[in-house]
Amino acid sequence: MRAVVFTGAGGNEVVQLVERPEPVPGPEELLLRVDFAGLNPADLMQRDGRYPAPPGVPADIPGLEVAGTVVAHGERVYGLSVGDRVFGIVAGGGLAERVLLHERCAVRIPDALDDRAAAAVPEAFVAAHDALRGQARLCPGETVVIHGASGGVGTAAIQIGVLAGARVIAVVRSAEAATAVEQLGAEAVLDADFRDEVLRLTGGAGADVILELVGAPHFPANLEALAVQGRIVVVGVGAGTDIQTNLLLLMQRRATIRGTVLRGRPLEEKAVATRRFAREIVPALASGRVRPIIDSVFPAGDIVAALEHLASPGKRGKVLISFSPSAP
Ligand SMILES: NC(=O)c1ccc[n+]([C@@H]2O[C@H](COP(=O)([O-])OP(=O)(O)OC[C@H]3O[C@@H](n4cnc5c(N)ncnc54)[C@H](OP(=O)(O)O)[C@@H]3O)[C@@H](O)[C@H]2O)c1
């Protein structure tokens, strides 16, 4: 099989597409044939040496998600068979033509999604759904602010917020991005003015939930734009990690700030997040009420260009690579 590998820590000089032996599924694992694979900012962090793979996954093949067709499975897989199309999150090894997925993290792909669309779903939709519905307990009628709203996780989060019956305010950095997020059902505000705009749009009450996909630069304004009993969930910190904050305001808001990662969780917790995603989001993907947003697809041989594009501003949704000679 062909796989993207990082030969060490560094820049794009450590990135290669190489031939590797196919992995062998463990007793409860599926082996998937993959045509399209989703890239994530965490892949860039792993390339740079800031986010090493956890034990149990290939140390040098990045990739946090998979969508494909089952070609083999272990002897204790009972619910899925060869030929089934499934997707899910993995802790590594996703940027390859053959990928292992634990059965408990596998969800059947609805027929409405082709392989390309399915590849753009798992990490963005499981992460956004887990953060908004699982961690923040977003409820119908509440207001949610989404930072980094035009990217992969952001475009999923907007749609999940709308599906949940919330009012969604999407924070973006350009007029073009504003138009894109409005088409998904959000009200758009510009990053530079977000605190004042959120307070204006909510009549001074503030947002019930803030999904932080960008990081430190939005603090302390996040706390100032938060409603009483509001919840901030920190999912991404690409723009910075360190904040100074007003604890008195935190107390007055009776606010919660929590952080979350998917990759480092034990299998049981990933399985719970997966089952919740399957119950609430997959039917909406099947009916077309929510849809994966794809920015671009690069041939796997152009992985360096794909990673460069992933790192650049101005994307709308997910960046994919394709192992299929006929794609994109
Ligand atoms: N905790 C977890 O389990 C988990 C899971 C998935 C993702 N994540 C993290 O979540 C974040 C978003 O992931 P993604 O896949 O959606 O990435 P993405 O597709 O690259 O999107 C990033 C978004 O953030 C915006 N952005 C970047 N830098 C910004 C800045 N300095 N100020 C304001 N906006 C900025 C981008 O807007 P422009 O186009 O204007 O640059 C874009 O809308 C990443 O940090 C990722 O690592 C975490």
# chains A, B, ... in the order shown; residues from 1 in each chain; ligands from 1

call {"tool": "select_by_dssp", "arguments": {"residues": "range 56-209 of chain A", "states": "strand (DSSP E)", "output": "JSON, numbers by chain"}}
result
{"A": [65, 66, 67, 68, 69, 70, 71, 72, 73, 85, 86, 87, 88, 89, 98, 99, 100, 101, 102, 107, 108, 143, 144, 145, 146, 167, 168, 169, 170, 171, 172, 187, 188, 189, 190, 207, 208, 209]}

call {"tool": "write_last_selection", "arguments": {"atoms": "C-alpha atoms", "output": "PDB file, in the first residue's frame"}}
result
ATOM      1  CA  GLU A  65      -9.637   9.742  10.372  1.00  0.00           C
ATOM      2  CA  VAL A  66     -10.684   7.150   7.831  1.00  0.00           C
ATOM      3  CA  ALA A  67     -13.526   6.380   5.430  1.00  0.00           C
ATOM      4  CA  GLY A  68     -13.436   3.306   3.246  1.00  0.00           C
ATOM      5  CA  THR A  69     -14.544  -0.229   2.460  1.00  0.00           C
ATOM      6  CA  VAL A  70     -13.888  -3.201   4.725  1.00  0.00           C
ATOM      7  CA  VAL A  71     -11.470  -5.640   3.019  1.00  0.00           C
ATOM      8  CA  ALA A  72     -10.613  -7.790   6.057  1.00  0.00           C
ATOM      9  CA  HIS A  73     -11.362  -7.975   9.775  1.00  0.00           C
ATOM     10  CA  ARG A  85     -18.518   1.075   3.845  1.00  0.00           C
ATOM     11  CA  VAL A  86     -17.622   2.657   7.198  1.00  0.00           C
ATOM     12  CA  PHE A  87     -15.967   5.743   8.635  1.00  0.00           C
ATOM     13  CA  GLY A  88     -14.501   6.780  11.961  1.00  0.00           C
ATOM     14  CA  ILE A  89     -11.689   8.415  13.919  1.00  0.00           C
ATOM     15  CA  ARG A  98      -5.137   0.618   3.955  1.00  0.00           C
ATOM     16  CA  VAL A  99      -6.107   1.748   7.446  1.00  0.00           C
ATOM     17  CA  LEU A 100      -7.069  -0.091  10.634  1.00  0.00           C
ATOM     18  CA  LEU A 101     -10.199   1.027  12.497  1.00  0.00           C
ATOM     19  CA  HIS A 102     -11.506  -0.457  15.731  1.00  0.00           C
ATOM     20  CA  VAL A 107     -20.033   3.809  11.692  1.00  0.00           C
ATOM     21  CA  ARG A 108     -21.735   2.767   8.465  1.00  0.00           C
ATOM     22  CA  THR A 143     -26.753  30.949  21.138  1.00  0.00           C
ATOM     23  CA  VAL A 144     -23.413  29.473  20.124  1.00  0.00           C
ATOM     24  CA  VAL A 145     -20.385  31.393  18.832  1.00  0.00           C
ATOM     25  CA  ILE A 146     -17.982  29.438  16.613  1.00  0.00           C
ATOM     26  CA  ARG A 167     -28.713  30.320  17.029  1.00  0.00           C
ATOM     27  CA  VAL A 168     -25.263  30.149  15.427  1.00  0.00           C
ATOM     28  CA  ILE A 169     -22.886  33.118  15.227  1.00  0.00           C
ATOM     29  CA  ALA A 170     -19.880  32.273  13.044  1.00  0.00           C
ATOM     30  CA  VAL A 171     -16.648  34.246  13.471  1.00  0.00           C
ATOM     31  CA  VAL A 172     -14.627  34.629  10.248  1.00  0.00           C
ATOM     32  CA  GLU A 187     -24.989  34.775  11.223  1.00  0.00           C
ATOM     33  CA  ALA A 188     -21.457  35.917  10.367  1.00  0.00           C
ATOM     34  CA  VAL A 189     -19.336  38.389  12.335  1.00  0.00           C
ATOM     35  CA  LEU A 190     -15.783  39.483  11.690  1.00  0.00           C
ATOM     36  CA  ALA A 207     -23.457  33.712  24.041  1.00  0.00           C
ATOM     37  CA  ASP A 208     -24.402  30.568  25.925  1.00  0.00           C
ATOM     38  CA  VAL A 209     -21.638  28.532  24.288  1.00  0.00           C
TER      39      VAL A 209
END

call {"tool": "residues_around", "arguments": {"residues": "range 267-278 of chain A", "least_positions_apart": "6", "cutoff": "7 Å", "atoms": "only C-alpha atoms", "output": "number ranges by chain"}}
result
A: 104-105, 107, 126, 129-130

call {"tool": "residues_around", "arguments": {"residues": "Ala180 in chain A", "least_positions_apart": "5", "cutoff": "12 Å", "atoms": "only C-alpha atoms", "output": "number ranges by chain"}}
result
A: 149-151, 154-155, 158, 170-175, 185-188, 293, 295, 314-317

call {"tool": "closest_residue", "arguments": {"among": "A:Glu29, A:Glu212, A:Glu75, A:Asp84", "to": "Glu103 in chain A", "atoms": "only C-alpha atoms"}}
result
A:Glu29

call {"tool": "closest_residue", "arguments": {"among": "A:Ala96, A:Glu176, A:Val235, A:Arg76", "to": "Gly26 in chain A", "atoms": "only C-alpha atoms"}}
result
A:Arg76

call {"tool": "closest_residue", "arguments": {"among": "A:Ala225, A:Ile257, A:Arg2, A:Gln244", "to": "Leu201 in chain A", "atoms": "only C-alpha atoms"}}
result
A:Ala225

call {"tool": "closest_residue", "arguments": {"among": "A:Cys139, A:Val121, A:Val228, A:Leu17", "to": "ligand 1", "atoms": "only C-alpha atoms and all ligand atoms"}}
result
A:Val121

call {"tool": "residues_around", "arguments": {"residues": "Ala286 in chain A", "least_positions_apart": "5", "cutoff": "10 Å", "atoms": "only C-alpha atoms", "output": "VMD selection string"}}
result
chain A and resid 109 to 113 281 291

call {"tool": "residues_around", "arguments": {"residues": "Val234 in chain A", "least_positions_apart": "3", "cutoff": "10 Å", "atoms": "only C-alpha atoms", "output": "NGL selection string"}}
result
:A and (131 or 210-216 or 231 or 237 or 257-261)

call {"tool": "atom_distance", "arguments": {"atom1": "CA of Val290 in chain A", "atom2": "atom 16 (O, counted along the ligand's line) of ligand 1"}}
result
16.2 Å

call {"tool": "select_by_dssp", "arguments": {"residues": "range 63-248 of chain A", "states": "alpha helix (DSSP H)", "output": "MDAnalysis selection string"}}
result
chainID A and resid 115:119 122:129 152:163 175:182 194:201 221:224 247:248

call {"tool": "residues_around", "arguments": {"residues": "Glu13 in chain A", "least_positions_apart": "6", "cutoff": "10 Å", "atoms": "only C-alpha atoms", "output": "PyMOL selection string"}}
result
chain A and resi 6-7+47+304

call {"tool": "residues_around", "arguments": {"residues": "Gln46 in chain A", "least_positions_apart": "3", "cutoff": "12 Å", "atoms": "only C-alpha atoms", "output": "ChimeraX atom specification"}}
result
/A:5-12,14-15,39-43,49-54,59-64,91-93,307

call {"tool": "write_last_selection", "arguments": {"atoms": "N, CA and C atoms", "output": "mmCIF file, in the first residue's frame"}}
result
data_model
loop_
_atom_site.group_PDB
_atom_site.id
_atom_site.type_symbol
_atom_site.label_atom_id
_atom_site.label_comp_id
_atom_site.auth_asym_id
_atom_site.auth_seq_id
_atom_site.Cartn_x
_atom_site.Cartn_y
_atom_site.Cartn_z
ATOM 1 N N VAL A 5 4.361 9.229 4.955
ATOM 2 C CA VAL A 5 5.164 9.053 6.170
ATOM 3 C C VAL A 5 5.931 10.337 6.467
ATOM 4 N N PHE A 6 6.196 10.524 7.755
ATOM 5 C CA PHE A 6 7.101 11.568 8.206
ATOM 6 C C PHE A 6 8.394 10.866 8.610
ATOM 7 N N THR A 7 9.485 11.169 7.923
ATOM 8 C CA THR A 7 10.743 10.458 8.178
ATOM 9 C C THR A 7 11.463 10.992 9.418
ATOM 10 N N GLY A 8 10.950 12.037 9.998
ATOM 11 C CA GLY A 8 11.520 12.632 11.208
ATOM 12 C C GLY A 8 10.670 13.832 11.551
ATOM 13 N N ALA A 9 11.187 14.718 12.376
ATOM 14 C CA ALA A 9 10.483 15.945 12.713
ATOM 15 C C ALA A 9 11.098 17.093 11.926
ATOM 16 N N GLY A 10 10.263 17.953 11.358
ATOM 17 C CA GLY A 10 10.792 19.080 10.610
ATOM 18 C C GLY A 10 9.755 19.698 9.713
ATOM 19 N N GLY A 11 10.209 20.196 8.561
ATOM 20 C CA GLY A 11 9.308 20.802 7.582
ATOM 21 C C GLY A 11 8.930 19.782 6.522
ATOM 22 N N ASN A 12 8.606 20.275 5.320
ATOM 23 C CA ASN A 12 8.136 19.356 4.284
ATOM 24 C C ASN A 12 9.220 18.416 3.768
ATOM 25 N N VAL A 14 10.588 16.244 5.431
ATOM 26 C CA VAL A 14 10.410 14.938 6.090
ATOM 27 C C VAL A 14 9.173 14.201 5.574
ATOM 28 N N VAL A 15 8.467 14.788 4.597
ATOM 29 C CA VAL A 15 7.201 14.213 4.118
ATOM 30 C C VAL A 15 7.453 13.381 2.862
ATOM 31 N N LEU A 39 -7.101 15.527 5.693
ATOM 32 C CA LEU A 39 -5.967 16.114 6.407
ATOM 33 C C LEU A 39 -6.487 16.944 7.582
ATOM 34 N N ASN A 40 -5.637 17.081 8.600
ATOM 35 C CA ASN A 40 -5.991 17.867 9.775
ATOM 36 C C ASN A 40 -4.797 18.679 10.239
ATOM 37 N N PRO A 41 -5.036 19.862 10.868
ATOM 38 C CA PRO A 41 -3.917 20.644 11.382
ATOM 39 C C PRO A 41 -3.019 19.835 12.320
ATOM 40 N N ALA A 42 -3.572 18.835 12.998
ATOM 41 C CA ALA A 42 -2.739 18.001 13.874
ATOM 42 C C ALA A 42 -1.660 17.261 13.083
ATOM 43 N N ASP A 43 -1.922 16.969 11.792
ATOM 44 C CA ASP A 43 -0.892 16.318 10.970
ATOM 45 C C ASP A 43 0.328 17.233 10.844
ATOM 46 N N GLY A 49 6.939 17.733 14.911
ATOM 47 C CA GLY A 49 7.479 17.095 16.109
ATOM 48 C C GLY A 49 6.808 17.536 17.389
ATOM 49 N N ARG A 50 5.664 18.275 17.255
ATOM 50 C CA ARG A 50 4.989 18.784 18.455
ATOM 51 C C ARG A 50 3.842 17.888 18.920
ATOM 52 N N TYR A 51 3.529 16.819 18.165
ATOM 53 C CA TYR A 51 2.335 16.025 18.490
ATOM 54 C C TYR A 51 2.586 14.573 18.110
ATOM 55 N N PRO A 52 3.493 13.893 18.852
ATOM 56 C CA PRO A 52 3.846 12.518 18.461
ATOM 57 C C PRO A 52 2.657 11.575 18.557
ATOM 58 N N ALA A 53 2.708 10.527 17.734
ATOM 59 C CA ALA A 53 1.636 9.530 17.752
ATOM 60 C C ALA A 53 1.622 8.802 19.086
ATOM 61 N N PRO A 54 0.435 8.497 19.624
ATOM 62 C CA PRO A 54 0.372 7.725 20.872
ATOM 63 C C PRO A 54 0.736 6.261 20.614
ATOM 64 N N ALA A 59 3.992 5.090 14.244
ATOM 65 C CA ALA A 59 4.613 6.323 14.742
ATOM 66 C C ALA A 59 4.851 7.323 13.616
ATOM 67 N N ASP A 60 4.971 6.832 12.373
ATOM 68 C CA ASP A 60 5.398 7.733 11.291
ATOM 69 C C ASP A 60 4.352 7.933 10.200
ATOM 70 N N ILE A 61 3.186 7.270 10.304
ATOM 71 C CA ILE A 61 2.116 7.512 9.320
ATOM 72 C C ILE A 61 1.063 8.385 9.990
ATOM 73 N N PRO A 62 0.916 9.646 9.559
ATOM 74 C CA PRO A 62 -0.067 10.514 10.202
ATOM 75 C C PRO A 62 -1.482 10.172 9.707
ATOM 76 N N GLY A 63 -2.458 10.928 10.223
ATOM 77 C CA GLY A 63 -3.832 10.765 9.753
ATOM 78 C C GLY A 63 -4.753 10.328 10.863
ATOM 79 N N LEU A 64 -5.777 11.147 11.151
ATOM 80 C CA LEU A 64 -6.627 10.953 12.326
ATOM 81 C C LEU A 64 -8.029 10.470 11.999
ATOM 82 N N ALA A 91 -6.302 7.082 15.836
ATOM 83 C CA ALA A 91 -5.285 7.869 16.545
ATOM 84 C C ALA A 91 -4.038 8.084 15.703
ATOM 85 N N GLY A 92 -4.010 7.498 14.493
ATOM 86 C CA GLY A 92 -2.875 7.641 13.583
ATOM 87 C C GLY A 92 -3.017 6.644 12.449
ATOM 88 N N GLY A 93 -2.149 6.773 11.453
ATOM 89 C CA GLY A 93 -2.150 5.805 10.358
ATOM 90 C C GLY A 93 -3.188 6.055 9.285
ATOM 91 N N LEU A 307 -0.388 19.712 2.188
ATOM 92 C CA LEU A 307 -0.083 20.194 3.546
ATOM 93 C C LEU A 307 0.162 21.704 3.556
#

call {"tool": "atom_distance", "arguments": {"atom1": "CA of Arg289 in chain A", "atom2": "atom 24 (O, counted along the ligand's line) of ligand 1"}}
result
23.6 Å

call {"tool": "closest_residue", "arguments": {"among": "A:Glu142, A:Glu308, A:Asp115, A:Asp35", "to": "ligand 1", "atoms": "only C-alpha atoms and all ligand atoms"}}
result
A:Glu308

call {"tool": "closest_residue", "arguments": {"among": "A:Gly38, A:Pro313, A:Gly74, A:Pro299", "to": "ligand 1", "atoms": "only C-alpha atoms and all ligand atoms"}}
result
A:Pro313

call {"tool": "decode", "arguments": {"residues": "range 194-270 of chain A", "atoms": "C-alpha atoms", "output": "PDB file, in the first residue's frame"}}
result
ATOM      1  CA  PHE A 194     -16.551  39.622  17.521  1.00  0.00           C
ATOM      2  CA  ARG A 195     -17.074  40.605  21.170  1.00  0.00           C
ATOM      3  CA  ASP A 196     -19.036  43.779  20.362  1.00  0.00           C
ATOM      4  CA  GLU A 197     -20.993  42.026  17.613  1.00  0.00           C
ATOM      5  CA  VAL A 198     -21.962  39.066  19.797  1.00  0.00           C
ATOM      6  CA  LEU A 199     -23.138  41.427  22.540  1.00  0.00           C
ATOM      7  CA  ARG A 200     -25.061  43.533  19.995  1.00  0.00           C
ATOM      8  CA  LEU A 201     -26.717  40.493  18.384  1.00  0.00           C
ATOM      9  CA  THR A 202     -27.717  39.046  21.769  1.00  0.00           C
ATOM     10  CA  GLY A 203     -29.019  42.323  23.202  1.00  0.00           C
ATOM     11  CA  GLY A 204     -26.141  42.410  25.685  1.00  0.00           C
ATOM     12  CA  ALA A 205     -26.845  38.928  27.069  1.00  0.00           C
ATOM     13  CA  GLY A 206     -23.841  37.209  25.461  1.00  0.00           C
ATOM     14  CA  ALA A 207     -23.457  33.712  24.041  1.00  0.00           C
ATOM     15  CA  ASP A 208     -24.402  30.568  25.925  1.00  0.00           C
ATOM     16  CA  VAL A 209     -21.638  28.532  24.288  1.00  0.00           C
ATOM     17  CA  ILE A 210     -18.369  29.530  22.593  1.00  0.00           C
ATOM     18  CA  LEU A 211     -16.508  26.942  20.516  1.00  0.00           C
ATOM     19  CA  GLU A 212     -12.852  27.983  20.416  1.00  0.00           C
ATOM     20  CA  LEU A 213     -11.079  26.541  17.359  1.00  0.00           C
ATOM     21  CA  VAL A 214      -8.381  29.244  17.096  1.00  0.00           C
ATOM     22  CA  GLY A 215      -6.951  29.772  20.575  1.00  0.00           C
ATOM     23  CA  ALA A 216      -5.504  32.375  22.915  1.00  0.00           C
ATOM     24  CA  PRO A 217      -6.089  35.587  20.888  1.00  0.00           C
ATOM     25  CA  HIS A 218      -9.827  35.379  21.660  1.00  0.00           C
ATOM     26  CA  PHE A 219      -9.261  35.675  25.394  1.00  0.00           C
ATOM     27  CA  PRO A 220     -10.263  37.693  27.428  1.00  0.00           C
ATOM     28  CA  ALA A 221     -12.909  38.832  24.872  1.00  0.00           C
ATOM     29  CA  ASN A 222     -14.492  35.342  24.942  1.00  0.00           C
ATOM     30  CA  LEU A 223     -15.326  35.747  28.623  1.00  0.00           C
ATOM     31  CA  GLU A 224     -16.707  39.243  28.021  1.00  0.00           C
ATOM     32  CA  ALA A 225     -18.953  37.914  25.208  1.00  0.00           C
ATOM     33  CA  LEU A 226     -20.229  34.998  27.323  1.00  0.00           C
ATOM     34  CA  ALA A 227     -23.678  34.795  28.941  1.00  0.00           C
ATOM     35  CA  VAL A 228     -24.225  33.985  32.610  1.00  0.00           C
ATOM     36  CA  GLN A 229     -23.746  30.217  33.020  1.00  0.00           C
ATOM     37  CA  GLY A 230     -22.023  30.169  29.640  1.00  0.00           C
ATOM     38  CA  ARG A 231     -19.623  27.436  28.515  1.00  0.00           C
ATOM     39  CA  ILE A 232     -16.416  27.870  26.527  1.00  0.00           C
ATOM     40  CA  VAL A 233     -14.997  24.710  24.939  1.00  0.00           C
ATOM     41  CA  VAL A 234     -11.403  24.930  23.724  1.00  0.00           C
ATOM     42  CA  VAL A 235     -10.797  22.514  20.834  1.00  0.00           C
ATOM     43  CA  GLY A 236      -8.058  24.245  18.830  1.00  0.00           C
ATOM     44  CA  VAL A 237      -5.158  26.513  19.818  1.00  0.00           C
ATOM     45  CA  GLY A 238      -3.298  26.971  16.521  1.00  0.00           C
ATOM     46  CA  ALA A 239      -3.016  30.728  17.078  1.00  0.00           C
ATOM     47  CA  GLY A 240      -1.694  30.514  20.629  1.00  0.00           C
ATOM     48  CA  THR A 241      -1.955  28.704  23.957  1.00  0.00           C
ATOM     49  CA  ASP A 242      -1.289  31.198  26.750  1.00  0.00           C
ATOM     50  CA  ILE A 243      -3.916  33.531  28.177  1.00  0.00           C
ATOM     51  CA  GLN A 244      -4.305  35.948  31.030  1.00  0.00           C
ATOM     52  CA  THR A 245      -7.874  36.065  32.254  1.00  0.00           C
ATOM     53  CA  ASN A 246     -10.102  37.883  34.713  1.00  0.00           C
ATOM     54  CA  LEU A 247     -11.163  35.321  37.307  1.00  0.00           C
ATOM     55  CA  LEU A 248     -13.655  37.745  38.841  1.00  0.00           C
ATOM     56  CA  LEU A 249     -15.470  37.887  35.509  1.00  0.00           C
ATOM     57  CA  LEU A 250     -15.341  34.081  35.333  1.00  0.00           C
ATOM     58  CA  MET A 251     -17.051  33.979  38.749  1.00  0.00           C
ATOM     59  CA  GLN A 252     -19.612  36.655  37.878  1.00  0.00           C
ATOM     60  CA  ARG A 253     -20.530  34.792  34.692  1.00  0.00           C
ATOM     61  CA  ARG A 254     -20.594  31.515  36.655  1.00  0.00           C
ATOM     62  CA  ALA A 255     -18.791  30.325  33.563  1.00  0.00           C
ATOM     63  CA  THR A 256     -17.155  27.055  32.574  1.00  0.00           C
ATOM     64  CA  ILE A 257     -14.020  26.822  30.431  1.00  0.00           C
ATOM     65  CA  ARG A 258     -13.077  23.319  29.373  1.00  0.00           C
ATOM     66  CA  GLY A 259     -10.628  21.828  26.943  1.00  0.00           C
ATOM     67  CA  THR A 260     -10.862  18.643  24.964  1.00  0.00           C
ATOM     68  CA  VAL A 261      -8.976  16.330  22.602  1.00  0.00           C
ATOM     69  CA  LEU A 262     -10.184  13.258  20.752  1.00  0.00           C
ATOM     70  CA  ARG A 263      -6.892  11.571  19.862  1.00  0.00           C
ATOM     71  CA  GLY A 264      -5.618  10.929  23.374  1.00  0.00           C
ATOM     72  CA  ARG A 265      -8.858   9.461  24.722  1.00  0.00           C
ATOM     73  CA  PRO A 266      -9.164   5.796  25.635  1.00  0.00           C
ATOM     74  CA  LEU A 267     -11.075   3.574  23.210  1.00  0.00           C
ATOM     75  CA  GLU A 268     -14.163   3.490  25.448  1.00  0.00           C
ATOM     76  CA  GLU A 269     -14.555   7.288  25.353  1.00  0.00           C
ATOM     77  CA  LYS A 270     -13.971   7.431  21.610  1.00  0.00           C
TER      78      LYS A 270
END
